[in-house]
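J.: The structure file start-v1.csv (CSV, C-alpha atoms) is provided below.
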chain,number,residue,atom,x,y,z
A,1,MET,CA,-63.0,92.2,-21.3
A,2,GLU,CA,-59.6,90.6,-20.5
A,3,LYS,CA,-56.9,91.7,-22.9
A,4,MET,CA,-55.6,88.8,-25.0
A,5,SER,CA,-51.9,88.0,-25.0
A,6,SER,CA,-50.0,88.7,-28.3
A,7,LYS,CA,-47.2,86.3,-27.4
A,8,PRO,CA,-46.9,83.1,-29.5
A,9,VAL,CA,-47.8,79.7,-28.1
A,10,ARG,CA,-45.4,78.5,-25.5
A,11,GLY,CA,-42.6,76.6,-27.2
A,12,THR,CA,-43.0,78.5,-30.5
A,13,ARG,CA,-41.7,81.9,-31.6
A,14,ASP,CA,-42.1,84.7,-34.1
A,15,ILE,CA,-39.2,85.1,-36.6
A,16,LEU,CA,-38.1,88.6,-37.4
A,17,PRO,CA,-36.9,89.9,-40.8
A,18,ASP,CA,-33.2,89.8,-40.0
A,19,GLU,CA,-33.3,86.1,-39.2
A,20,MET,CA,-35.6,85.3,-42.1
A,21,VAL,CA,-32.8,86.6,-44.4
A,22,VAL,CA,-30.4,84.1,-43.0
A,23,ARG,CA,-33.1,81.3,-43.1
A,24,ASP,CA,-34.0,82.0,-46.7
A,25,GLN,CA,-30.3,82.1,-47.8
A,26,LEU,CA,-29.6,78.9,-45.9
A,27,GLU,CA,-32.6,77.0,-47.3
A,28,GLN,CA,-31.7,78.1,-50.8
A,29,THR,CA,-28.1,77.1,-50.5
A,30,ILE,CA,-29.0,73.6,-49.2
A,31,LEU,CA,-31.7,73.2,-51.8
A,32,ASN,CA,-29.4,74.1,-54.7
A,33,ILE,CA,-26.8,71.5,-53.5
A,34,TYR,CA,-29.5,68.8,-53.2
A,35,ARG,CA,-31.0,69.4,-56.6
A,36,ALA,CA,-27.6,69.5,-58.2
A,37,HIS,CA,-27.1,65.9,-56.9
A,38,GLY,CA,-30.3,64.6,-58.5
A,39,PHE,CA,-32.7,64.8,-55.6
A,40,SER,CA,-36.3,66.0,-56.2
A,41,ARG,CA,-38.4,68.1,-53.8
A,42,ILE,CA,-41.7,66.8,-52.5
A,43,GLU,CA,-44.2,68.0,-49.8
A,44,THR,CA,-46.4,66.1,-47.4
A,45,PRO,CA,-49.1,67.3,-45.1
A,46,ALA,CA,-48.3,68.3,-41.5
A,47,LEU,CA,-51.3,66.2,-40.5
A,48,GLU,CA,-51.1,62.3,-40.4
A,49,ASN,CA,-53.5,59.7,-39.2
A,50,VAL,CA,-52.9,59.0,-35.5
A,51,ASN,CA,-52.7,55.2,-35.9
A,52,LEU,CA,-49.9,55.7,-38.4
A,53,LEU,CA,-48.0,58.0,-36.1
A,54,LEU,CA,-48.4,55.7,-33.0
A,55,GLY,CA,-47.3,52.6,-35.0
A,56,SER,CA,-44.2,54.2,-36.4
A,57,ASP,CA,-41.4,53.1,-34.0
A,58,GLY,CA,-40.7,56.8,-33.3
A,59,GLY,CA,-39.0,56.0,-30.0
A,60,GLU,CA,-39.1,58.8,-27.4
A,61,ASN,CA,-40.8,61.1,-29.9
A,62,LEU,CA,-44.1,59.3,-29.5
A,63,LYS,CA,-44.2,60.7,-25.9
A,64,MET,CA,-44.1,64.2,-27.5
A,65,LEU,CA,-46.8,63.6,-30.1
A,66,PHE,CA,-49.4,66.4,-30.7
A,67,THR,CA,-52.7,64.7,-31.3
A,68,ILE,CA,-56.0,66.3,-32.6
A,69,LEU,CA,-59.3,65.5,-31.1
A,70,LYS,CA,-62.1,63.9,-33.2
A,71,ARG,CA,-64.9,66.2,-34.0
A,72,GLY,CA,-68.7,66.0,-33.5
A,73,ASP,CA,-70.2,62.5,-33.2
A,74,LYS,CA,-66.8,60.8,-33.7
A,75,LEU,CA,-65.7,62.1,-30.3
A,76,LYS,CA,-66.9,59.7,-27.7
A,77,ALA,CA,-64.9,60.0,-24.5
A,78,HIS,CA,-65.2,57.5,-21.8
A,79,GLU,CA,-63.2,56.2,-18.8
A,80,GLY,CA,-60.1,54.4,-20.0
A,81,SER,CA,-60.2,56.1,-23.5
A,82,THR,CA,-57.0,55.7,-25.5
A,83,PRO,CA,-55.5,58.3,-27.9
A,84,GLY,CA,-57.0,56.3,-30.7
A,85,ASP,CA,-60.5,56.6,-29.2
A,86,LEU,CA,-60.2,60.4,-28.7
A,87,CYS,CA,-58.0,61.4,-31.7
A,88,ASP,CA,-57.9,60.5,-35.3
A,89,MET,CA,-55.1,62.8,-36.5
A,90,GLY,CA,-51.8,64.2,-35.2
A,91,LEU,CA,-49.0,66.5,-36.2
A,92,ARG,CA,-45.9,64.9,-37.8
A,93,TYR,CA,-42.9,64.7,-35.4
A,94,ASP,CA,-40.4,64.1,-38.2
A,95,LEU,CA,-40.3,63.9,-42.1
A,96,THR,CA,-39.3,60.2,-42.4
A,97,LEU,CA,-42.6,58.8,-41.5
A,98,PRO,CA,-44.6,61.0,-43.9
A,99,LEU,CA,-42.1,60.1,-46.7
A,100,SER,CA,-42.6,56.4,-46.1
A,101,ARG,CA,-46.4,56.9,-46.3
A,102,PHE,CA,-46.0,59.2,-49.4
A,103,TYR,CA,-43.8,56.6,-51.2
A,104,SER,CA,-46.3,53.8,-50.5
A,105,ASN,CA,-49.1,55.9,-51.9
A,106,ASN,CA,-47.3,57.2,-55.0
A,107,ALA,CA,-44.6,54.6,-55.8
A,108,GLU,CA,-46.0,53.9,-59.3
A,109,LYS,CA,-45.4,57.5,-60.2
A,110,LEU,CA,-41.9,57.7,-58.9
A,111,GLU,CA,-38.6,56.7,-60.5
A,112,MET,CA,-36.4,54.0,-58.7
A,113,PRO,CA,-34.4,54.6,-56.7
A,114,PHE,CA,-36.3,57.6,-55.6
A,115,LYS,CA,-34.2,60.5,-54.2
A,116,ALA,CA,-36.4,62.9,-52.2
A,117,ILE,CA,-35.9,66.4,-50.7
A,118,GLN,CA,-38.2,67.5,-47.8
A,119,ILE,CA,-38.0,70.8,-46.1
A,120,GLY,CA,-40.7,71.6,-43.6
A,121,ASN,CA,-41.9,72.1,-40.1
A,122,VAL,CA,-42.3,69.2,-37.6
A,123,PHE,CA,-44.0,69.3,-34.2
A,124,ARG,CA,-43.0,67.8,-30.8
A,125,ALA,CA,-44.3,68.6,-27.4
A,126,GLU,CA,-40.8,69.3,-26.1
A,127,ARG,CA,-40.2,71.0,-22.8
A,128,PRO,CA,-39.4,74.5,-24.0
A,129,GLN,CA,-35.9,75.6,-23.4
A,130,ARG,CA,-33.1,77.6,-25.2
A,131,GLY,CA,-32.7,76.2,-28.7
A,132,ARG,CA,-35.6,73.7,-28.4
A,133,PHE,CA,-39.0,74.5,-29.8
A,134,ARG,CA,-42.2,72.7,-30.3
A,135,SER,CA,-42.4,73.7,-33.9
A,136,PHE,CA,-39.2,73.6,-36.0
A,137,LYS,CA,-37.9,73.1,-39.5
A,138,GLN,CA,-36.2,70.0,-40.7
A,139,CYS,CA,-34.3,69.6,-44.0
A,140,ASP,CA,-34.1,66.0,-45.3
A,141,ILE,CA,-32.8,64.0,-48.2
A,142,ASP,CA,-33.6,60.3,-48.6
A,143,ILE,CA,-32.9,57.5,-51.0
A,144,ILE,CA,-35.6,54.8,-51.4
A,145,GLY,CA,-34.9,51.6,-53.3
A,146,ASP,CA,-31.2,51.2,-53.0
A,147,PRO,CA,-30.2,48.4,-50.5
A,148,SER,CA,-26.4,48.9,-50.9
A,149,VAL,CA,-24.2,51.3,-48.9
A,150,THR,CA,-23.6,53.4,-52.1
A,151,ALA,CA,-26.8,55.2,-50.9
A,152,GLU,CA,-25.2,56.0,-47.5
A,153,ILE,CA,-22.1,57.2,-49.2
A,154,GLU,CA,-24.1,59.4,-51.6
A,155,LEU,CA,-26.2,60.9,-48.7
A,156,ILE,CA,-23.1,61.6,-46.6
A,157,SER,CA,-21.3,63.2,-49.6
A,158,THR,CA,-24.3,65.4,-50.5
A,159,THR,CA,-24.9,66.5,-47.0
A,160,SER,CA,-21.2,67.3,-46.4
A,161,LYS,CA,-21.2,69.4,-49.6
A,162,ALA,CA,-24.2,71.3,-48.3
A,163,LEU,CA,-22.5,72.0,-44.9
A,164,LEU,CA,-19.3,73.1,-46.7
A,165,ALA,CA,-21.4,75.4,-48.9
A,166,ILE,CA,-22.9,77.0,-45.8
A,167,GLY,CA,-19.5,77.7,-44.5
A,168,PHE,CA,-18.9,74.8,-42.1
A,169,GLU,CA,-15.6,72.9,-42.1
A,170,ASP,CA,-13.8,70.6,-39.7
A,171,PHE,CA,-17.1,68.9,-38.7
A,172,ILE,CA,-17.1,65.2,-37.6
A,173,ILE,CA,-19.4,62.6,-39.0
A,174,LYS,CA,-20.0,59.8,-36.5
A,175,VAL,CA,-21.2,56.5,-37.9
A,176,ASN,CA,-22.4,53.3,-36.4
A,177,ASP,CA,-24.5,50.3,-37.4
A,178,ARG,CA,-27.6,49.4,-35.5
A,179,LYS,CA,-27.4,45.8,-36.8
A,180,LEU,CA,-23.9,45.4,-35.2
A,181,LEU,CA,-25.0,47.1,-32.0
A,182,THR,CA,-28.1,44.9,-31.7
A,183,ALA,CA,-26.0,41.8,-32.1
A,184,PHE,CA,-23.7,43.0,-29.4
A,185,ILE,CA,-26.5,43.8,-27.0
A,186,LEU,CA,-27.9,40.3,-27.5
A,187,GLN,CA,-24.5,38.7,-26.9
A,188,GLN,CA,-24.3,40.5,-23.6
A,189,GLY,CA,-27.3,38.6,-22.3
A,190,PHE,CA,-30.2,41.0,-23.1
A,191,LYS,CA,-33.4,39.7,-24.7
A,192,PRO,CA,-34.6,40.8,-28.2
A,193,GLU,CA,-37.5,42.7,-26.6
A,194,ASP,CA,-35.0,44.6,-24.4
A,195,VAL,CA,-32.9,46.0,-27.3
A,196,GLY,CA,-35.0,49.2,-27.8
A,197,SER,CA,-35.0,50.1,-24.1
A,198,VAL,CA,-31.2,49.4,-23.9
A,199,CYS,CA,-30.6,51.6,-27.0
A,200,ILE,CA,-32.7,54.5,-25.5
A,201,SER,CA,-30.5,54.5,-22.4
A,202,LEU,CA,-27.2,54.1,-24.3
A,203,ASP,CA,-28.1,56.9,-26.6
A,204,LYS,CA,-27.8,59.3,-23.6
A,205,ALA,CA,-24.2,58.4,-22.9
A,206,ASP,CA,-22.9,61.7,-24.3
A,207,LYS,CA,-25.2,63.6,-21.9
A,208,ILE,CA,-25.2,61.5,-18.7
A,209,GLY,CA,-22.0,59.6,-19.1
A,210,ALA,CA,-21.3,55.9,-18.7
A,211,ASP,CA,-22.2,55.9,-15.0
A,212,GLY,CA,-25.5,57.5,-15.8
A,213,VAL,CA,-26.3,54.9,-18.4
A,214,LYS,CA,-25.5,52.1,-15.9
A,215,GLU,CA,-27.7,53.7,-13.3
A,216,GLU,CA,-30.6,54.1,-15.7
A,217,LEU,CA,-30.4,50.5,-17.0
A,218,THR,CA,-30.1,49.1,-13.5
A,219,ALA,CA,-33.2,51.2,-12.5
A,220,LYS,CA,-35.1,49.5,-15.4
A,221,GLY,CA,-34.5,46.2,-13.6
A,222,TYR,CA,-31.5,44.7,-15.5
A,223,ASP,CA,-28.8,42.9,-13.6
A,224,ALA,CA,-26.2,45.5,-12.3
A,225,GLY,CA,-23.2,43.3,-13.1
A,226,MET,CA,-24.4,42.5,-16.6
A,227,VAL,CA,-25.2,46.2,-17.2
A,228,ALA,CA,-21.7,47.3,-16.0
A,229,ASP,CA,-20.0,44.8,-18.2
A,230,PHE,CA,-22.1,45.8,-21.2
A,231,VAL,CA,-21.5,49.5,-20.9
A,232,ASP,CA,-17.7,49.1,-20.3
A,233,GLN,CA,-17.2,46.7,-23.2
A,234,ALA,CA,-19.3,48.9,-25.6
A,235,ALA,CA,-17.0,51.9,-24.8
A,236,ARG,CA,-13.9,49.8,-25.8
A,237,VAL,CA,-15.2,48.7,-29.2
A,238,THR,CA,-13.3,50.3,-32.1
A,239,LEU,CA,-13.4,50.1,-35.9
A,240,ASP,CA,-10.4,47.7,-35.8
A,241,THR,CA,-12.0,45.4,-33.2
A,242,ILE,CA,-15.7,45.4,-34.2
A,243,GLY,CA,-15.2,42.4,-36.6
A,244,THR,CA,-13.9,40.3,-33.7
A,245,VAL,CA,-16.7,41.4,-31.3
A,246,VAL,CA,-19.8,40.5,-33.5
A,247,ASP,CA,-20.2,37.9,-36.3
A,248,GLU,CA,-21.7,40.2,-39.0
A,249,PRO,CA,-19.0,40.3,-41.7
A,250,GLU,CA,-21.1,41.9,-44.3
A,251,ALA,CA,-22.2,44.8,-42.1
A,252,VAL,CA,-18.6,45.2,-40.8
A,253,ALA,CA,-17.3,45.4,-44.4
A,254,ASP,CA,-20.0,47.9,-45.4
A,255,LEU,CA,-19.0,50.1,-42.4
A,256,HIS,CA,-15.3,50.0,-43.5
A,257,ARG,CA,-16.2,50.9,-47.0
A,258,VAL,CA,-18.3,53.9,-46.0
A,259,ILE,CA,-15.6,55.3,-43.7
A,260,GLU,CA,-12.8,54.7,-46.1
A,261,THR,CA,-14.7,56.2,-49.1
A,262,VAL,CA,-15.9,59.3,-47.2
A,263,THR,CA,-12.4,59.9,-45.8
A,264,ARG,CA,-11.0,60.1,-49.3
A,265,MET,CA,-13.8,62.4,-50.4
A,266,ALA,CA,-13.4,64.7,-47.3
A,267,ALA,CA,-9.8,65.5,-48.3
A,268,GLY,CA,-9.1,66.9,-44.9
A,269,ARG,CA,-12.0,69.3,-44.8
A,270,TYR,CA,-14.0,67.2,-42.4
A,271,THR,CA,-13.7,63.8,-40.6
A,272,ILE,CA,-15.7,60.6,-40.4
A,273,ALA,CA,-15.3,58.3,-37.4
A,274,PHE,CA,-16.7,55.1,-36.0
A,275,ASP,CA,-18.7,55.5,-32.7
A,276,PHE,CA,-20.1,52.3,-31.3
A,277,THR,CA,-22.3,54.1,-28.8
A,278,LEU,CA,-24.1,56.2,-31.4
A,279,ILE,CA,-27.7,55.2,-31.5
A,280,ARG,CA,-30.0,57.8,-32.9
A,281,GLY,CA,-33.3,57.9,-31.0
A,282,MET,CA,-35.7,56.5,-33.6
A,283,GLY,CA,-36.7,52.8,-33.2
A,284,TYR,CA,-37.1,52.4,-36.9
A,285,TYR,CA,-33.4,52.4,-37.8
A,286,THR,CA,-32.2,49.0,-39.1
A,287,GLY,CA,-28.6,49.6,-40.3
A,288,GLN,CA,-26.0,52.3,-40.4
A,289,VAL,CA,-26.8,55.5,-38.5
A,290,PHE,CA,-24.8,58.8,-38.6
A,291,GLU,CA,-24.6,62.1,-36.8
A,292,VAL,CA,-22.6,65.3,-37.4
A,293,SER,CA,-21.0,67.3,-34.6
A,294,TYR,CA,-19.4,70.7,-35.0
A,295,GLY,CA,-16.9,72.5,-32.8
A,296,ASP,CA,-17.9,72.9,-29.2
A,297,VAL,CA,-21.6,73.7,-29.8
A,298,GLY,CA,-22.6,70.6,-27.7
A,299,TYR,CA,-25.2,69.2,-30.0
A,300,SER,CA,-25.4,67.5,-33.4
A,301,ILE,CA,-26.1,69.6,-36.5
A,302,ALA,CA,-27.2,66.7,-38.8
A,303,GLY,CA,-28.1,63.0,-38.5
A,304,GLY,CA,-29.8,60.1,-40.1
A,305,GLY,CA,-29.7,56.4,-40.9
A,306,ARG,CA,-31.1,53.4,-42.7
A,307,TYR,CA,-34.7,52.3,-42.1
A,308,ASP,CA,-35.4,49.3,-44.4
A,309,HIS,CA,-38.6,48.1,-42.7
A,310,MET,CA,-40.7,51.2,-42.4
A,311,ILE,CA,-42.2,51.4,-45.9
A,312,GLY,CA,-43.4,47.8,-45.6
A,313,LYS,CA,-45.8,48.9,-42.8
A,314,TYR,CA,-47.8,50.9,-45.4
A,315,SER,CA,-47.3,48.9,-48.5
A,316,LYS,CA,-47.6,45.2,-49.6
A,317,GLN,CA,-44.0,45.4,-50.9
A,318,SER,CA,-41.3,46.9,-48.7
A,319,ALA,CA,-38.4,49.0,-50.0
A,320,PRO,CA,-35.0,49.8,-48.6
A,321,ALA,CA,-34.5,53.4,-47.5
A,322,VAL,CA,-31.9,55.7,-45.9
A,323,GLY,CA,-32.1,59.4,-45.0
A,324,PHE,CA,-30.0,62.3,-43.7
A,325,SER,CA,-31.4,65.3,-42.0
A,326,ILE,CA,-29.7,68.7,-41.5
A,327,GLY,CA,-30.6,70.4,-38.2
A,328,PHE,CA,-31.9,73.6,-39.8
A,329,GLU,CA,-32.8,75.4,-36.6
A,330,ARG,CA,-29.5,74.6,-35.0
A,331,ILE,CA,-27.5,75.8,-38.0
A,332,VAL,CA,-29.6,79.0,-38.1
A,333,GLY,CA,-28.6,79.7,-34.5
A,334,ILE,CA,-24.9,79.3,-35.3
A,335,LEU,CA,-25.2,81.5,-38.4
A,336,MET,CA,-27.1,84.2,-36.5
A,337,GLU,CA,-24.3,84.3,-33.9
A,338,ARG,CA,-21.8,84.7,-36.8
A,339,GLU,CA,-23.9,87.5,-38.2
A,340,ALA,CA,-23.8,89.3,-34.9
A,341,ASP,CA,-20.0,89.0,-34.6
A,342,GLN,CA,-19.3,89.8,-38.3
A,343,LYS,CA,-21.8,91.7,-40.3
A,344,ARG,CA,-21.6,91.1,-44.0
A,345,PRO,CA,-21.7,94.1,-46.4
A,346,SER,CA,-25.3,95.1,-47.0
A,347,LYS,CA,-26.8,95.5,-50.5
A,348,ARG,CA,-30.0,97.0,-49.2
A,349,ILE,CA,-30.8,100.6,-50.0
A,350,ALA,CA,-33.8,102.9,-49.4
A,351,LEU,CA,-35.4,104.9,-52.2
A,352,PHE,CA,-37.4,107.8,-50.7
A,353,HIS,CA,-40.2,109.3,-52.7
A,354,ALA,CA,-42.9,111.9,-52.3
A,355,ALA,CA,-46.4,110.7,-51.6
A,356,ASP,CA,-47.7,112.2,-54.8
A,357,ALA,CA,-44.8,111.0,-57.0
A,358,ASP,CA,-45.4,109.1,-60.3
A,359,MET,CA,-45.1,105.6,-58.8
A,360,ALA,CA,-44.6,104.0,-62.2
A,361,GLU,CA,-41.4,106.0,-62.6
A,362,VAL,CA,-40.3,105.5,-59.0
A,363,ILE,CA,-40.6,101.7,-59.4
A,364,HIS,CA,-38.8,101.9,-62.8
A,365,THR,CA,-36.0,103.7,-61.0
A,366,ALA,CA,-35.9,101.1,-58.2
A,367,ASP,CA,-35.9,98.3,-60.8
A,368,ALA,CA,-32.8,99.7,-62.4
A,369,TYR,CA,-30.9,99.4,-59.1
A,370,ARG,CA,-32.4,96.0,-58.5
A,371,GLU,CA,-31.0,94.8,-61.8
A,372,ALA,CA,-27.6,96.2,-60.6
A,373,GLY,CA,-27.8,93.8,-57.6
A,374,TYR,CA,-29.3,96.1,-54.9
A,375,GLN,CA,-32.3,95.2,-52.7
A,376,VAL,CA,-34.4,98.4,-52.9
A,377,ASN,CA,-37.0,99.4,-50.3
A,378,LEU,CA,-39.5,102.1,-51.4
A,379,ILE,CA,-40.3,104.6,-48.5
A,380,THR,CA,-42.7,107.5,-48.6
A,381,GLN,CA,-40.7,110.4,-47.4
A,382,LYS,CA,-41.8,112.7,-44.6
A,383,LYS,CA,-41.1,116.5,-44.5
A,384,LYS,CA,-38.2,115.9,-42.1
A,385,MET,CA,-36.3,112.9,-43.3
A,386,GLY,CA,-33.7,112.8,-40.6
A,387,LYS,CA,-35.4,110.2,-38.4
A,388,GLN,CA,-36.2,108.0,-41.4
A,389,ILE,CA,-32.5,108.1,-42.6
A,390,ASN,CA,-31.3,107.3,-39.1
A,391,ALA,CA,-33.7,104.4,-38.9
A,392,CYS,CA,-32.4,102.9,-42.1
A,393,GLU,CA,-28.8,103.3,-41.0
A,394,GLU,CA,-29.6,101.5,-37.7
A,395,LYS,CA,-31.2,98.6,-39.7
A,396,GLY,CA,-28.1,98.1,-41.7
A,397,TYR,CA,-29.0,99.7,-45.0
A,398,ALA,CA,-26.0,100.4,-47.3
A,399,GLY,CA,-27.3,103.8,-48.3
A,400,PHE,CA,-30.3,105.7,-49.7
A,401,LEU,CA,-31.5,107.9,-52.6
A,402,VAL,CA,-34.2,110.5,-52.8
A,403,TYR,CA,-36.3,110.2,-56.0
A,404,GLY,CA,-36.0,113.2,-58.3
A,405,ARG,CA,-32.9,114.5,-56.5
A,406,ASP,CA,-30.1,111.8,-56.3
A,407,THR,CA,-28.6,109.9,-59.1
A,408,VAL,CA,-26.2,107.7,-57.1
A,409,VAL,CA,-26.6,105.9,-53.8
A,410,LYS,CA,-25.6,108.1,-50.9
A,411,PRO,CA,-23.8,106.2,-48.1
A,412,PHE,CA,-24.4,107.1,-44.5
A,413,ASN,CA,-22.0,109.5,-42.9
For the file at hand, write its structure as C-alpha cells.
T.:
Amino acid sequence: MEKMSSKPVRGTRDILPDEMVVRDQLEQTILNIYRAHGFSRIETPALENVNLLLGSDGGENLKMLFTILKRGDKLKAHEGSTPGDLCDMGLRYDLTLPLSRFYSNNAEKLEMPFKAIQIGNVFRAERPQRGRFRSFKQCDIDIIGDPSVTAEIELISTTSKALLAIGFEDFIIKVNDRKLLTAFILQQGFKPEDVGSVCISLDKADKIGADGVKEELTAKGYDAGMVADFVDQAARVTLDTIGTVVDEPEAVADLHRVIETVTRMAAGRYTIAFDFTLIRGMGYYTGQVFEVSYGDVGYSIAGGGRYDHMIGKYSKQSAPAVGFSIGFERIVGILMEREADQKRPSKRIALFHAADADMAEVIHTADAYREAGYQVNLITQKKKMGKQINACEEKGYAGFLVYGRDTVVKPFN
C-alpha cells in the first residue's frame, strides 16, 4: 500500500504553536479595539450558494473560486456544462459578500446602522507562492446603513487605532473614489461597459508600471493613443486638481472631508493621501476605496471601500455599506519577523511532577503561579531530567520548578 503524504494541501499550511501565540494575541488586540468602538461580532458559513458567489462582482477573485460538486442525482454532467450545472455551492472568497447576504437575511433583528465584525478564513485558488495561500484569515469591520462619509471616517479611525495598538506606526492610508475614477474613464472615451476592464488593468500600476498598464489595455483592443493619454493624465491627477478634472462636486467634497479629518486624528502617527490610481480589485465598490501601505514590505496591510449596491442584490430594499479589512496573514508575517529579531520576555514556565504525584495538589500549585501571571505547563518528569530541562530552555521557557522540591521558579543557567 502506497504511503499517504502527511503534507497539507498545496497552497495551505500547518501553523505551529509559536505562531499561534502571535496570531491569538493579534486577533484579541484587534477584536478589543473593534468592540470598544461599538462593533458587534458575527459569523457566517464558509459555504455559500454558487449562484450568489458568481453574481457578486468579485472581479478577478471569481477566477479563483473554489466550487463544490453537486451530489447524487443532482449531478448531471454533460458537454458544455457550466459551473452552475455541476456545482451548487462554493467557498467564500471574502467576507463582504457573506455579510451582505447575512444582513439581507437578518436585517429585522439588527440595529441600524449595523456595525459588524467578521474574523474568519476565506478561500481562493491562488497560485501558491511565498506569503500567498489558498486558505487565509481576514479581519473585517463594516458599517451598513450609513450613506454619509462619517462611516468612512469612523472605519479609518478604528482600523488605524487597531494598527497602532498592534505596534505599527508611520503607515500610509491611500484613498480614492471609484465614482470619480469612473467619471474620468468615461471622459477619456471609454464606454460604460469598459470601466471594469480598465480598472482591472489600472489596478496593476504599482506592479507593472504605467507602461505595463498601457500595453495591457492596448492588448485588450483599446486604441493605443487613447490608452496612452488616459494613463498619463490619470498619473497627473492630484487632490488639488481632481475638482477641475471631473464634475462630481459632492464626491470631491467628501474626499476632502475624509482626508482633512483623518489627518487631524492621525496627529503625525500615520498619513492619509489621495491616490487616483488606487482601484481595489473588487467590482462591487461604488464610492471611496482605501488601502494601507507600511514601510518597504511591498504590499498593502489593509484595505476596503464603499459598496452601496451589493445588499440590493439579495434584498428588496438596498442599504448603503462600507467596510475595511485588515490583512491578518500579512501582519502576522511581519510580527513573526519581529519576534525572530527581538524575543519578548517569556512568562511560560514548566512544572515538573512525578507520575504518581497527587495531581489535584500539582494543579493547585500550578494555578497559584497562573494567578501570578505565569503560563504553566505540567510535565511528567523522567528519572534524568536534563534533556527535559534543556528542551524547555530551547523552546523559550522562562524557567521551571519541580513539584515537592522547589518553591520559586528556577531560571535557566
J.: When you draw a straight line from CA of Phe171 in chain A to CA of Gly327 in chain A, how long is it in Å?
T.: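 Pair CA of Phe171 in chain A / CA of Gly327 in chain A returns 13.6 Å.
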J.: Enter the distance from CA of Tyr397 in chain A to CA of Tyr374 in chain A, in Å, rounded to one decimal.
T.: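 Atom-to-atom, CA of Tyr397 in chain A to CA of Tyr374 in chain A, that is 10.5 Å.
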J.: Which residue is closest to Leu97 in chain A? Choose from A:Ile279, A:Ile349, A:Leu335, A:Met310 and count only C-alpha atoms.
T.: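 Nearest to Leu97 in chain A: A:Met310.
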J.: Need the neighbours of (-23.3, 45.1, -32.8): which residues are at most 10 Å away, counting all atoms listed in the file, as a list in words?
T.: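 All residues meeting the 10 Å criterion around (-23.3, 45.1, -32.8) are Asn176, Asp177, Arg178, Lys179, Leu180, Leu181, Thr182, Ala183, Phe184, Ile185, Leu186, Gln187, Ala234, Val237, Ile242, Gly243, Val245, Val246, Asp247, Glu248, Ala251, Val252, Phe276 and Thr277 of chain A.
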J.: Please measure the separation of CA of Thr159 in chain A and CA of Tyr285 in chain A, giving the value in Å to one decimal.
T.: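 CA of Tyr285 in chain A lies at a distance of 18.9 Å from CA of Thr159 in chain A.
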J.: Mind listing as a list in words all residues within 7 Å of (-30.8, 62.0, -54.7), counting only C-alpha atoms?
T.: His37, Gly38, Phe39, Ser40, Lys115, Ala116, Asp142 and Ile143 of chain A
J.: What lies within 12 Å of Met226 in chain A using only C-alpha atoms, ignoring chain neighbours under 5 positions off, as an mmCIF file with C-alpha atoms, in the frame of the given file?
T.:
data_model
loop_
_atom_site.group_PDB
_atom_site.id
_atom_site.type_symbol
_atom_site.label_atom_id
_atom_site.label_comp_id
_atom_site.auth_asym_id
_atom_site.auth_seq_id
_atom_site.Cartn_x
_atom_site.Cartn_y
_atom_site.Cartn_z
ATOM 1 C CA ILE A 185 -26.500 43.800 -27.000
ATOM 2 C CA LEU A 186 -27.900 40.300 -27.500
ATOM 3 C CA GLN A 187 -24.500 38.700 -26.900
ATOM 4 C CA GLN A 188 -24.300 40.500 -23.600
ATOM 5 C CA GLY A 189 -27.300 38.600 -22.300
ATOM 6 C CA PHE A 190 -30.200 41.000 -23.100
ATOM 7 C CA LYS A 214 -25.500 52.100 -15.900
ATOM 8 C CA LEU A 217 -30.400 50.500 -17.000
ATOM 9 C CA THR A 218 -30.100 49.100 -13.500
ATOM 10 C CA GLY A 221 -34.500 46.200 -13.600
ATOM 11 C CA VAL A 231 -21.500 49.500 -20.900
ATOM 12 C CA ASP A 232 -17.700 49.100 -20.300
ATOM 13 C CA GLN A 233 -17.200 46.700 -23.200
#
J.: Closest to Val149 in chain A among A:Asp367, A:Val332, A:Lys207, A:Gly305, using all atoms listed in the file?
T.: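 Among the listed residues, the smallest separation from Val149 in chain A belongs to A:Gly305.
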